[in-house]
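**Student:** Compact mmCIF, C-alpha atoms and all ligand atoms, file run04.txt:
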# COMPACT_ATOMS: atom_id res chain seq x y z
CA MET A 1 -32.50 9.30 15.97
CA THR A 2 -32.00 6.88 18.86
CA THR A 3 -30.66 8.14 22.15
CA GLU A 4 -29.65 5.83 24.96
CA ALA A 5 -27.45 6.05 28.00
CA PHE A 6 -25.08 3.79 29.90
CA HIS A 7 -24.39 4.00 33.59
CA GLY A 8 -21.40 2.65 35.50
CA GLU A 9 -17.80 3.22 36.52
CA LEU A 10 -15.95 4.74 33.56
CA LEU A 11 -12.23 5.10 32.85
CA THR A 12 -10.70 6.60 29.72
CA THR A 13 -7.53 8.36 28.71
CA LEU A 14 -7.93 11.56 26.69
CA ALA A 15 -4.20 12.00 25.97
CA ASP A 16 -0.93 10.25 26.77
CA PRO A 17 -0.50 10.10 30.58
CA GLN A 18 3.26 9.86 30.00
CA ARG A 19 3.13 13.41 28.64
CA ASP A 20 0.13 14.98 30.32
CA GLY A 21 0.07 13.16 33.66
CA GLU A 22 -3.19 13.00 35.61
CA ALA A 23 -4.88 15.47 33.25
CA ALA A 24 -4.85 12.75 30.59
CA ILE A 25 -6.96 10.39 32.73
CA ARG A 26 -10.69 10.63 33.26
CA HIS A 27 -12.20 8.39 35.92
CA ILE A 28 -15.85 8.76 36.90
CA PRO A 29 -17.00 6.28 39.58
CA SER A 30 -20.68 6.72 38.71
CA ALA A 31 -20.81 7.96 35.14
CA LEU A 32 -23.50 8.52 32.58
CA MET A 33 -22.44 8.07 28.95
CA VAL A 34 -25.04 9.27 26.47
CA VAL A 35 -25.02 7.78 22.96
CA GLU A 36 -26.89 9.05 19.92
CA ASP A 37 -26.92 6.90 16.81
CA GLY A 38 -23.77 5.10 17.88
CA GLU A 39 -21.82 8.22 18.80
CA ILE A 40 -21.05 9.51 22.28
CA VAL A 41 -22.64 12.91 22.86
CA GLU A 42 -21.92 13.43 26.53
CA VAL A 43 -20.02 11.81 29.40
CA GLY A 44 -20.11 12.96 32.99
CA PRO A 45 -21.03 12.14 36.56
CA ARG A 46 -24.58 10.82 36.68
CA ALA A 47 -25.38 13.11 39.60
CA ALA A 48 -24.60 16.12 37.41
CA LEU A 49 -26.19 14.91 34.16
CA GLY A 50 -29.06 12.64 35.13
CA TRP A 51 -31.76 15.35 35.09
CA LYS A 52 -30.92 16.26 31.50
CA TYR A 53 -31.54 12.74 30.24
CA ASP A 54 -34.57 11.84 32.30
CA GLY A 55 -36.61 9.36 30.31
CA VAL A 56 -33.70 8.25 28.10
CA PRO A 57 -33.42 4.44 28.25
CA THR A 58 -30.41 3.72 30.47
CA THR A 59 -28.44 0.48 30.83
CA SER A 60 -26.45 -0.08 34.01
CA LEU A 61 -23.19 -1.88 33.33
CA PRO A 62 -21.32 -4.00 35.88
CA GLY A 63 -17.54 -3.51 36.11
CA LEU A 64 -15.22 -0.93 34.65
CA ILE A 65 -16.20 0.70 31.35
CA VAL A 66 -13.15 1.46 29.17
CA PRO A 67 -12.73 2.25 25.45
CA GLY A 68 -12.67 -0.73 23.10
CA PHE A 69 -9.14 -2.02 22.58
CA VAL A 70 -7.26 -1.20 19.38
CA ASP A 71 -4.98 -3.92 18.02
CA THR A 72 -2.45 -2.25 15.73
CA HIS A 73 -1.00 -5.44 14.25
CA ILE A 74 -2.54 -8.89 13.81
CA HIS A 75 -2.73 -11.56 11.08
CA TYR A 76 -6.16 -13.11 10.67
CA PRO A 77 -4.94 -15.97 8.41
CA GLN A 78 -2.61 -17.11 11.18
CA THR A 79 -5.45 -17.74 13.65
CA ASP A 80 -5.21 -21.51 13.20
CA ARG A 81 -1.39 -21.50 13.54
CA ILE A 82 -1.13 -19.71 16.86
CA ALA A 83 1.26 -21.61 19.15
CA ALA A 84 3.28 -23.39 16.45
CA HIS A 85 6.38 -24.88 18.05
CA GLY A 86 10.05 -24.55 17.60
CA HIS A 87 11.41 -21.79 15.37
CA GLN A 88 12.42 -18.15 15.03
CA LEU A 89 10.94 -15.78 12.46
CA LEU A 90 12.23 -16.89 9.04
CA ASP A 91 11.97 -20.65 9.69
CA TRP A 92 8.62 -20.20 11.42
CA LEU A 93 7.30 -18.40 8.32
CA ASP A 94 8.50 -21.18 6.01
CA ARG A 95 7.35 -24.10 8.14
CA HIS A 96 4.14 -22.93 9.71
CA ILE A 97 2.83 -19.73 8.18
CA PHE A 98 3.25 -19.86 4.43
CA PRO A 99 1.56 -23.30 4.22
CA ALA A 100 -1.39 -21.96 6.25
CA GLU A 101 -1.72 -18.84 4.10
CA LEU A 102 -1.99 -20.90 0.89
CA ALA A 103 -5.45 -22.04 1.97
CA PHE A 104 -6.80 -18.48 1.67
CA ALA A 105 -7.01 -18.81 -2.08
CA ASN A 106 -10.30 -20.47 -1.18
CA ARG A 107 -12.99 -17.92 -0.35
CA ALA A 108 -15.04 -20.31 1.77
CA HIS A 109 -12.03 -21.09 3.94
CA ALA A 110 -11.29 -17.36 4.29
CA ASP A 111 -14.93 -16.67 5.25
CA GLY A 112 -14.84 -19.27 8.01
CA VAL A 113 -11.59 -18.00 9.52
CA ALA A 114 -12.63 -14.33 9.21
CA ASP A 115 -15.85 -15.02 11.09
CA PHE A 116 -14.08 -16.83 13.93
CA PHE A 117 -11.34 -14.19 14.03
CA LEU A 118 -13.70 -11.22 14.42
CA GLY A 119 -15.65 -13.09 17.09
CA GLU A 120 -12.40 -13.71 18.95
CA LEU A 121 -11.45 -10.02 18.76
CA LEU A 122 -14.80 -9.08 20.32
CA ARG A 123 -14.51 -11.75 23.03
CA ASN A 124 -11.25 -10.08 23.98
CA GLY A 125 -12.65 -6.55 23.96
CA THR A 126 -10.95 -5.51 20.73
CA THR A 127 -13.20 -3.27 18.66
CA ALA A 128 -10.72 -2.02 16.04
CA ALA A 129 -7.71 -3.62 14.39
CA LEU A 130 -5.11 -3.22 11.66
CA VAL A 131 -5.04 -6.66 10.11
CA PHE A 132 -2.81 -8.58 7.72
CA ALA A 133 -4.70 -10.76 5.24
CA THR A 134 -2.83 -12.86 2.62
CA VAL A 135 -1.68 -12.23 -0.92
CA HIS A 136 -5.11 -13.35 -2.17
CA ARG A 137 -7.58 -10.62 -2.97
CA GLN A 138 -10.44 -12.79 -1.71
CA SER A 139 -8.82 -13.03 1.71
CA VAL A 140 -9.40 -9.29 2.10
CA GLU A 141 -12.92 -9.48 0.69
CA ALA A 142 -13.80 -12.19 3.22
CA LEU A 143 -12.50 -10.11 6.12
CA PHE A 144 -14.06 -6.85 4.95
CA ASP A 145 -17.45 -8.44 4.27
CA ALA A 146 -17.44 -10.06 7.72
CA ALA A 147 -16.43 -6.76 9.35
CA LEU A 148 -19.18 -4.89 7.47
CA ALA A 149 -21.75 -7.37 8.75
CA ARG A 150 -20.59 -6.69 12.34
CA ASP A 151 -20.01 -2.94 11.87
CA MET A 152 -16.41 -3.28 13.08
CA ARG A 153 -13.54 -0.87 12.51
CA ILE A 154 -11.15 -3.01 10.51
CA VAL A 155 -8.24 -1.73 8.43
CA SER A 156 -6.65 -4.27 6.12
CA GLY A 157 -5.20 -4.81 2.68
CA LYS A 158 -3.98 -7.39 0.23
CA VAL A 159 -0.48 -8.56 1.08
CA LEU A 160 2.06 -7.67 -1.58
CA MET A 161 4.78 -10.31 -2.06
CA ASP A 162 6.36 -10.93 -5.44
CA ARG A 163 9.49 -12.85 -4.43
CA ASP A 164 10.94 -15.33 -1.95
CA ALA A 165 7.65 -16.99 -1.16
CA PRO A 166 6.24 -20.36 -2.28
CA ASP A 167 4.20 -20.91 -5.44
CA GLY A 168 0.65 -19.82 -4.84
CA LEU A 169 1.70 -17.01 -2.49
CA ARG A 170 3.35 -14.66 -4.96
CA ASP A 171 1.80 -11.86 -6.94
CA THR A 172 3.49 -9.57 -9.47
CA VAL A 173 4.10 -5.84 -9.44
CA ALA A 174 1.18 -5.42 -11.87
CA SER A 175 -1.30 -7.80 -10.23
CA GLY A 176 -0.44 -6.51 -6.77
CA ARG A 177 -1.14 -2.97 -7.86
CA GLU A 178 -4.28 -3.78 -9.81
CA GLU A 179 -5.85 -5.89 -7.06
CA SER A 180 -4.99 -3.38 -4.34
CA GLU A 181 -6.55 -0.57 -6.39
CA ALA A 182 -9.65 -2.67 -7.04
CA LEU A 183 -10.06 -3.35 -3.31
CA ILE A 184 -9.59 0.32 -2.44
CA ALA A 185 -12.24 1.30 -4.98
CA ARG A 186 -14.67 -1.41 -3.90
CA TYR A 187 -14.55 -0.84 -0.14
CA ARG A 188 -13.78 2.87 0.17
CA GLY A 189 -16.35 4.63 2.36
CA ARG A 190 -18.17 1.45 3.34
CA GLY A 191 -19.04 0.88 6.99
CA ARG A 192 -16.07 1.54 9.19
CA LEU A 193 -13.47 -0.06 6.95
CA GLY A 194 -10.09 1.32 6.04
CA TYR A 195 -7.44 0.20 3.57
CA ALA A 196 -3.73 -0.38 4.21
CA VAL A 197 -1.20 -0.94 1.44
CA THR A 198 0.56 -4.03 2.82
CA PRO A 199 3.94 -5.18 1.51
CA ARG A 200 4.72 -8.13 3.84
CA PHE A 201 8.32 -7.01 4.50
CA ALA A 202 11.39 -5.98 2.53
CA LEU A 203 12.44 -9.58 1.84
CA THR A 204 9.31 -10.64 -0.02
CA SER A 205 8.92 -7.64 -2.34
CA THR A 206 11.21 -6.61 -5.19
CA PRO A 207 12.36 -2.99 -5.22
CA GLU A 208 9.87 -2.46 -8.05
CA GLN A 209 7.00 -3.70 -5.91
CA LEU A 210 8.08 -1.57 -2.94
CA GLY A 211 8.10 1.42 -5.31
CA SER A 212 4.65 0.54 -6.55
CA ALA A 213 3.43 0.37 -2.94
CA GLY A 214 4.91 3.82 -2.34
CA ALA A 215 3.10 5.15 -5.41
CA MET A 216 -0.22 3.79 -4.12
CA LEU A 217 0.38 5.38 -0.72
CA ALA A 218 1.05 8.72 -2.43
CA ALA A 219 -1.97 8.39 -4.71
CA HIS A 220 -4.51 7.80 -1.92
CA ASP A 221 -4.34 10.06 1.10
CA ASP A 222 -6.86 7.94 3.02
CA VAL A 223 -4.87 4.70 3.05
CA LEU A 224 -2.25 3.49 5.53
CA LEU A 225 0.99 1.63 4.96
CA HIS A 226 1.34 -1.56 7.03
CA THR A 227 4.44 -3.75 7.13
CA HIS A 228 7.09 -5.37 9.36
CA LEU A 229 10.37 -3.73 10.35
CA SER A 230 13.50 -4.78 12.19
CA GLU A 231 12.04 -7.69 14.12
CA ASN A 232 14.71 -10.40 14.12
CA HIS A 233 18.51 -10.49 13.71
CA GLY A 234 18.41 -13.06 10.87
CA GLU A 235 15.82 -10.99 9.03
CA ILE A 236 17.86 -7.78 9.44
CA ALA A 237 21.01 -9.47 8.10
CA ALA A 238 19.06 -10.80 5.11
CA VAL A 239 17.66 -7.33 4.35
CA ALA A 240 21.15 -5.83 4.53
CA ALA A 241 22.39 -8.51 2.07
CA CYS A 242 19.44 -7.95 -0.24
CA PHE A 243 19.69 -4.14 -0.26
CA PRO A 244 23.45 -3.52 0.09
CA ASP A 245 23.36 0.08 -1.06
CA HIS A 246 20.86 1.19 1.59
CA ASP A 247 21.84 2.69 4.96
CA ASP A 248 19.67 0.39 7.06
CA TYR A 249 16.32 -1.45 7.12
CA LEU A 250 14.27 1.74 7.52
CA ASP A 251 16.11 3.32 4.60
CA VAL A 252 14.91 0.49 2.33
CA TYR A 253 11.32 1.50 3.02
CA ALA A 254 12.09 5.23 3.02
CA ARG A 255 13.71 5.17 -0.40
CA HIS A 256 10.57 3.58 -1.81
CA GLY A 257 8.23 6.23 -0.38
CA LEU A 258 6.91 4.05 2.43
CA VAL A 259 7.96 5.99 5.52
CA GLY A 260 5.52 8.76 6.34
CA ASP A 261 2.83 9.81 8.76
CA ARG A 262 0.41 7.09 7.62
CA SER A 263 2.90 4.25 8.07
CA VAL A 264 2.58 1.58 10.75
CA PHE A 265 5.57 -0.69 11.27
CA ALA A 266 5.24 -3.84 13.33
CA HIS A 267 8.00 -4.61 15.85
CA GLY A 268 10.97 -2.23 15.43
CA VAL A 269 12.74 -4.29 18.08
CA HIS A 270 16.25 -3.56 16.84
CA LEU A 271 15.99 0.03 15.63
CA ASP A 272 18.79 2.34 16.66
CA ALA A 273 18.34 5.90 17.89
CA GLY A 274 18.88 7.30 14.39
CA GLN A 275 16.10 5.19 12.89
CA MET A 276 13.75 6.05 15.79
CA ALA A 277 14.48 9.75 15.27
CA ARG A 278 13.76 9.51 11.53
CA MET A 279 10.45 7.78 12.22
CA ALA A 280 9.49 10.38 14.82
CA LYS A 281 10.32 13.21 12.43
CA VAL A 282 7.88 12.02 9.78
CA GLY A 283 5.22 10.72 12.18
CA SER A 284 5.45 6.98 11.50
CA ALA A 285 4.12 4.59 14.14
CA ILE A 286 5.42 1.37 15.67
CA SER A 287 3.23 -1.52 16.74
CA PHE A 288 4.74 -3.04 19.89
CA CYS A 289 3.98 -6.77 19.94
CA PRO A 290 5.50 -8.23 23.12
CA THR A 291 3.90 -11.70 23.13
CA SER A 292 5.15 -12.22 19.57
CA ASN A 293 8.62 -10.83 20.26
CA LEU A 294 9.00 -13.20 23.21
CA PHE A 295 7.42 -16.20 21.45
CA LEU A 296 9.72 -15.94 18.41
CA GLY A 297 12.71 -14.93 20.54
CA SER A 298 12.98 -11.73 18.52
CA GLY A 299 14.05 -9.43 21.36
CA LEU A 300 12.91 -6.79 23.81
CA PHE A 301 11.32 -3.67 22.29
CA ASP A 302 12.71 -0.47 23.79
CA LEU A 303 9.58 1.55 24.59
CA ALA A 304 11.58 4.13 26.52
CA ALA A 305 13.76 4.79 23.47
CA ALA A 306 10.68 5.17 21.26
CA ASP A 307 9.18 7.55 23.83
CA SER A 308 12.27 9.69 24.09
CA ALA A 309 12.55 9.87 20.31
CA GLY A 310 8.86 10.83 20.14
CA VAL A 311 7.68 7.88 18.02
CA THR A 312 3.96 7.05 18.18
CA VAL A 313 3.50 3.55 19.62
CA GLY A 314 0.43 1.31 19.70
CA MET A 315 0.03 -2.24 20.96
CA GLY A 316 -0.24 -5.25 18.66
CA THR A 317 -1.01 -8.86 19.45
CA ASP A 318 0.60 -10.10 16.19
CA VAL A 319 -1.33 -13.36 16.34
CA GLY A 320 -0.19 -15.97 15.21
CA ALA A 321 3.36 -15.24 16.34
CA GLY A 322 1.61 -13.48 19.20
CA THR A 323 0.25 -15.94 21.71
CA SER A 324 -2.93 -14.16 22.77
CA PHE A 325 -5.78 -12.17 21.22
CA SER A 326 -6.09 -10.29 24.49
CA LEU A 327 -4.70 -6.77 24.72
CA LEU A 328 -4.77 -7.18 28.51
CA ALA A 329 -2.47 -10.20 28.26
CA THR A 330 -0.37 -8.28 25.74
CA LEU A 331 0.03 -5.39 28.20
CA ALA A 332 1.13 -7.84 30.87
CA GLU A 333 3.96 -9.02 28.60
CA ALA A 334 4.80 -5.40 27.73
CA TYR A 335 5.20 -4.75 31.44
CA LYS A 336 7.60 -7.70 31.78
CA VAL A 337 9.61 -6.56 28.74
CA GLY A 338 9.86 -3.15 30.41
CA GLN A 339 11.11 -4.75 33.62
CA LEU A 340 13.90 -6.47 31.69
CA ARG A 341 14.72 -3.11 30.09
CA GLY A 342 14.79 -1.31 33.42
CA THR A 343 11.53 0.64 33.07
CA SER A 344 8.11 -0.03 34.49
CA LEU A 345 5.01 0.46 32.41
CA ASP A 346 2.37 2.42 34.30
CA PRO A 347 -1.13 0.87 34.05
CA PHE A 348 -2.78 4.13 32.92
CA ARG A 349 -0.11 4.52 30.23
CA ALA A 350 -0.74 0.90 29.29
CA LEU A 351 -4.47 1.57 28.93
CA TYR A 352 -3.63 4.55 26.72
CA LEU A 353 -1.34 2.46 24.49
CA ALA A 354 -4.05 -0.18 24.02
CA THR A 355 -6.77 2.39 23.21
CA LEU A 356 -6.13 6.01 22.18
CA GLY A 357 -2.42 5.44 21.46
CA GLY A 358 -3.32 2.63 19.08
CA ALA A 359 -6.00 4.80 17.50
CA LYS A 360 -3.39 7.52 16.98
CA ALA A 361 -1.08 5.04 15.26
CA LEU A 362 -3.96 4.24 12.88
CA LYS A 363 -4.87 7.94 12.40
CA LEU A 364 -8.25 7.28 13.98
CA ASP A 365 -7.76 9.07 17.30
CA ARG A 366 -10.54 11.55 16.65
CA ARG A 367 -13.05 8.75 16.10
CA ILE A 368 -12.08 5.91 18.45
CA GLY A 369 -9.90 5.18 21.47
CA ALA A 370 -11.55 7.42 24.07
CA LEU A 371 -14.92 7.75 25.77
CA ALA A 372 -15.80 11.39 25.16
CA ALA A 373 -18.23 13.44 23.10
CA GLY A 374 -17.70 12.95 19.38
CA TYR A 375 -16.20 9.46 19.68
CA GLU A 376 -17.80 6.28 18.39
CA ALA A 377 -19.38 4.37 21.26
CA ASP A 378 -17.08 1.34 21.11
CA PHE A 379 -16.45 0.20 24.66
CA VAL A 380 -15.68 -2.74 26.89
CA VAL A 381 -16.93 -3.64 30.33
CA LEU A 382 -14.10 -5.21 32.35
CA ASP A 383 -14.86 -7.46 35.30
CA PRO A 384 -12.27 -6.99 38.07
CA ALA A 385 -13.63 -10.13 39.76
CA ALA A 386 -13.60 -12.32 36.64
CA THR A 387 -11.66 -15.18 38.20
CA PRO A 388 -11.30 -16.22 41.84
CA LEU A 389 -7.70 -15.02 41.86
CA LEU A 390 -8.51 -11.67 40.23
CA ALA A 391 -11.40 -11.16 42.65
CA ARG A 392 -9.11 -11.89 45.58
CA ARG A 393 -6.37 -9.60 44.33
CA THR A 394 -8.86 -6.84 43.49
CA ALA A 395 -10.39 -7.07 46.97
CA ALA A 396 -6.94 -6.39 48.39
CA THR A 397 -6.44 -3.20 46.37
CA THR A 398 -7.20 0.26 47.71
CA ASN A 399 -6.96 2.40 44.60
CA LEU A 400 -7.73 2.45 40.89
CA HIS A 401 -4.07 2.25 39.82
CA ASP A 402 -3.61 -1.09 41.59
CA ARG A 403 -6.98 -2.44 40.46
CA LEU A 404 -6.17 -1.58 36.82
CA PHE A 405 -2.70 -3.11 37.15
CA ALA A 406 -4.17 -6.35 38.52
CA LEU A 407 -6.60 -6.45 35.58
CA MET A 408 -3.76 -5.98 33.12
CA MET A 409 -1.45 -8.54 34.73
CA LEU A 410 -4.05 -11.23 35.42
CA GLY A 411 -6.80 -10.45 32.92
CA ASP A 412 -7.58 -11.84 29.49
CA ASP A 413 -10.80 -12.73 27.65
CA ARG A 414 -12.29 -13.91 30.93
CA ALA A 415 -12.12 -10.35 32.25
CA VAL A 416 -14.20 -9.01 29.35
CA HIS A 417 -17.77 -8.96 30.61
CA SER A 418 -19.10 -7.40 27.41
CA THR A 419 -18.06 -5.53 24.28
CA TYR A 420 -20.12 -2.82 22.59
CA LEU A 421 -19.85 -1.53 19.03
CA ARG A 422 -21.41 1.90 18.47
CA GLY A 423 -23.53 1.41 21.56
CA ARG A 424 -24.78 -2.05 20.61
CA PRO A 425 -23.78 -5.21 22.49
CA ALA A 426 -21.54 -7.25 20.20
CA HIS A 427 -20.36 -9.78 22.78
CA ILE A 428 -21.68 -10.65 26.21
CA ARG A 429 -19.68 -13.18 28.21
CA ASP A 430 -21.48 -16.36 29.18
CA SER A 431 -24.30 -15.78 26.70
CA LYS A 432 -23.49 -18.14 23.86
N1 LIG A 501 7.66 -10.71 9.00
C1 LIG A 501 7.18 -11.02 7.77
N2 LIG A 501 6.05 -11.73 7.84
C2 LIG A 501 5.78 -11.88 9.14
C3 LIG A 501 4.72 -12.52 9.85
O1 LIG A 501 3.79 -13.10 9.29
N3 LIG A 501 4.77 -12.46 11.21
C4 LIG A 501 5.78 -11.81 11.87
N4 LIG A 501 5.77 -11.78 13.21
N5 LIG A 501 6.79 -11.21 11.22
C5 LIG A 501 6.77 -11.24 9.88
ZN ZN A 502 3.17 -9.61 11.97
Is it possible to express this structure as structure tokens?

**Tutor:**
Amino acid sequence: MTTEAFHGELLTTLADPQRDGEAAIRHIPSALMVVEDGEIVEVGPRAALGWKYDGVPTTSLPGLIVPGFVDTHIHYPQTDRIAAHGHQLLDWLDRHIFPAELAFANRAHADGVADFFLGELLRNGTTAALVFATVHRQSVEALFDAALARDMRIVSGKVLMDRDAPDGLRDTVASGREESEALIARYRGRGRLGYAVTPRFALTSTPEQLGSAGAMLAAHDDVLLHTHLSENHGEIAAVAACFPDHDDYLDVYARHGLVGDRSVFAHGVHLDAGQMARMAKVGSAISFCPTSNLFLGSGLFDLAAADSAGVTVGMGTDVGAGTSFSLLATLAEAYKVGQLRGTSLDPFRALYLATLGGAKALKLDRRIGALAAGYEADFVVLDPAATPLLARRTAATTNLHDRLFALMMLGDDRAVHSTYLRGRPAHIRDSK
């Protein structure tokens, strides 16, 4: 057994500050965090704990120690198509994304992108993510093998799409099922991986394939469901035309057994109160992806409506429609979306959404998302003086709330001093 300790200023949420107020926030200016075999065993003020761990090797960390960020929706095959100009969702998919995804039939290509992608997550302080691959089984194998090598918490799955996609990007009901099952069997219980049954969205799967996805979700109680929902007006109209005898977009998924407490839906920008209430009732989660929603002109997600309905929400970058891998930059855009909606996102709530809230959406909130005993020691050291401007703004703050807000509004990968996975440094800024 290896025991080590980390010393520094620590900030974590232990619950949703929106619900539990100050009691949800733990801030220790001079903390000791003790880690045994990659798991946190104790966190507290160093003055109170130090004597107990005399002789335990201790690393002092500069900056603010927070839980590793959790990205609840991102596409690794779209890494090389981030910032593709000129279109909204359906045209953007046809012109930029489907051509890029074709290349993932090639395992070597997938390996190269997966390696870069995971490195980029770590550079941005993201230690866990729910990730879209492509329709190709080997795209998932490349990502999972790369995540195993780095000991990262990655949840992913083969994309199911058996219609309305170009040649080379379609599977069938049978092959989609068989390959998903094979991947579940091959990777179950390995490292920190998880599987998500992943129909792309209602437009690219036949009703038969959606039903098959629902059957897989029912057959395996340890897998998630990951898809897109109600993102763009053109998409919503096309779904209504395609499924005329369904009440609404959510009903299409619900009638195929896809709406439950292990379901994560990206976007939900145009859900009405009834759909929000149905999601809350069964415990489904929404991934809020503000940089993507603004980039594609999809709309302004109504976080206040999701909150009042009681829907679980996590943050997603949604690269490559999203324009940044950074959850800090993503929170900054979430704040601006809130301003346009007449609400203002509190920085502690924002930290929760990007950590424990995201973990809750992925059903991992007893393992990751907080810095407390029993949690995996995935954490990030943020540098409040990372850039001259951030240093200047930070120097002018007088409290933690304002310092955290400045980090979230001005920070990005530059503000990530280092990223740790189960107590081991996985990225240190400036060291190549
Ligand atoms: N809806 C279906 N596929 C996609 C995708 O790749 N990105 C986004 N943002 N929305 C989608
Ligand atoms: Zn997406």

**Student:** Using all atoms listed in the file and a cutoff of 10 Å, can you tell me which residues are near (18.5, -11.3, 12.7) in the file's coordinates, and write them out as a list in words?

**Tutor:** Gln88, Leu89, Leu90, Ser230, Glu231, Asn232, His233, Gly234, Glu235, Ile236, Ala237, Ala238, Val239, His270, Ser298 and Gly299 of chain A

**Student:** Determine, for each residue of chain A having at least one atom at most 8 Å from an atom of ligand ZN 502 (chain A), the closest pair of atoms and their separation in Å to one decimal, counting only C-alpha atoms and all ligand atoms; order by chain and ascending number, as a Markdown table.

**Tutor:**
| residue | atom | partner | partner_atom | distance |
| --- | --- | --- | --- | --- |
| A:His73 | CA | A:ZN502 | ZN | 6.3 |
| A:Ile74 | CA | A:ZN502 | ZN | 6.0 |
| A:His75 | CA | A:ZN502 | ZN | 6.3 |
| A:Phe132 | CA | A:ZN502 | ZN | 7.4 |
| A:Thr227 | CA | A:ZN502 | ZN | 7.7 |
| A:His228 | CA | A:ZN502 | ZN | 6.3 |
| A:Ala266 | CA | A:ZN502 | ZN | 6.3 |
| A:His267 | CA | A:ZN502 | ZN | 8.0 |
| A:Asp318 | CA | A:ZN502 | ZN | 5.0 |
| A:Val319 | CA | A:ZN502 | ZN | 7.3 |
| A:Gly320 | CA | A:ZN502 | ZN | 7.9 |
| A:Ala321 | CA | A:ZN502 | ZN | 7.1 |

**Student:** Identify, on the basis of only C-alpha atoms, every residue whose closest approach to range 50-61 of chain A does not exceed 7 Å; exclude the query and any residue fewer than 3 positions from it along the same chain; express the result as a count of residues only.

**Tutor:** 8

**Student:** Can you pull out the residues contacting Gly176 in chain A? Cut-off 9 Å, using only C-alpha atoms, and skip same-chain residues under 5 positions away; I want them as a list in words.

**Tutor:**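 Answer for this query is Val135, Lys158, Val159, Leu160, Met161, Asp162, Asp171, Glu181, Gln209, Ser212 and Ala213 of chain A.
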
**Student:** Could the centre and edge lengths of an axis-aligned box, enclosing all atoms of ligand LIG 501 (chain A) in the file with 3 Å extra on each side, be given in Å to one decimal as AutoDock Vina command-line options?

**Tutor:**
--center_x 5.7 --center_y -11.9 --center_z 10.5 --size_x 9.9 --size_y 8.4 --size_z 11.4

**Student:** May I ask which of the residues A:Met216, A:Ala305, A:Ala202, A:Leu421 is the closest one to ligand LIG 501 (chain A), counting only C-alpha atoms and all ligand atoms?

**Tutor:**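 Of A:Met216, A:Ala305, A:Ala202, A:Leu421, the one nearest ligand LIG 501 (chain A) is A:Ala202, counting only C-alpha atoms and all ligand atoms.
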
**Student:** Have a look at A:His226, A:His27, A:His109, A:Arg192 and name the one nearest to ligand LIG 501 (chain A); count all atoms listed in the file.

**Tutor:**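 Between A:His226, A:His27, A:His109, A:Arg192, the residue approaching ligand LIG 501 (chain A) most closely is A:His226.
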
**Student:** From the list A:Thr323, A:Gln78, A:Ser175, A:Thr398, which residue is nearest ligand LIG 501 (chain A) when using all atoms listed in the file?

**Tutor:**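 Nearest to ligand LIG 501 (chain A): A:Gln78.
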
**Student:** Using only C-alpha atoms for the distances, tell me which of A:Glu208, A:Asp302, A:Glu9, A:Asp20 is nearest to Arg163 in chain A.

**Tutor:**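 Of all the options, A:Glu208 lies closest to Arg163 in chain A.
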
**Student:** Because the input lacks atoms here, generate N, CA and C atoms for range 169-179 of chain A and report them as a short mmCIF file (atom, residue, chain, number, x, y, z; two decimals), in the frame of the given file.

**Tutor:**
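Once everything was written out, this is rebuild.cif:
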data_model
loop_
_atom_site.label_atom_id
_atom_site.label_comp_id
_atom_site.auth_asym_id
_atom_site.auth_seq_id
_atom_site.Cartn_x
_atom_site.Cartn_y
_atom_site.Cartn_z
N LEU A 169 1.72 -18.15 -3.44
CA LEU A 169 1.70 -17.01 -2.49
C LEU A 169 2.38 -15.78 -3.07
N ARG A 170 2.71 -15.83 -4.37
CA ARG A 170 3.35 -14.66 -4.96
C ARG A 170 2.40 -13.96 -5.91
N ASP A 171 2.49 -12.62 -5.90
CA ASP A 171 1.80 -11.86 -6.94
C ASP A 171 2.86 -11.27 -7.86
N THR A 172 2.51 -10.29 -8.66
CA THR A 172 3.49 -9.57 -9.47
C THR A 172 3.31 -8.09 -9.18
N VAL A 173 4.25 -7.29 -9.64
CA VAL A 173 4.10 -5.84 -9.44
C VAL A 173 2.74 -5.40 -10.00
N ALA A 174 2.42 -5.87 -11.21
CA ALA A 174 1.18 -5.42 -11.87
C ALA A 174 -0.06 -5.95 -11.17
N SER A 175 -0.07 -7.26 -10.85
CA SER A 175 -1.30 -7.80 -10.23
C SER A 175 -1.48 -7.26 -8.82
N GLY A 176 -0.35 -7.07 -8.12
CA GLY A 176 -0.44 -6.51 -6.77
C GLY A 176 -1.05 -5.13 -6.78
N ARG A 177 -0.64 -4.34 -7.75
CA ARG A 177 -1.14 -2.97 -7.86
C ARG A 177 -2.62 -2.96 -8.24
N GLU A 178 -2.91 -3.76 -9.27
CA GLU A 178 -4.28 -3.78 -9.81
C GLU A 178 -5.29 -4.28 -8.75
N GLU A 179 -4.92 -5.33 -8.05
CA GLU A 179 -5.85 -5.89 -7.06
C GLU A 179 -5.99 -4.97 -5.85
#
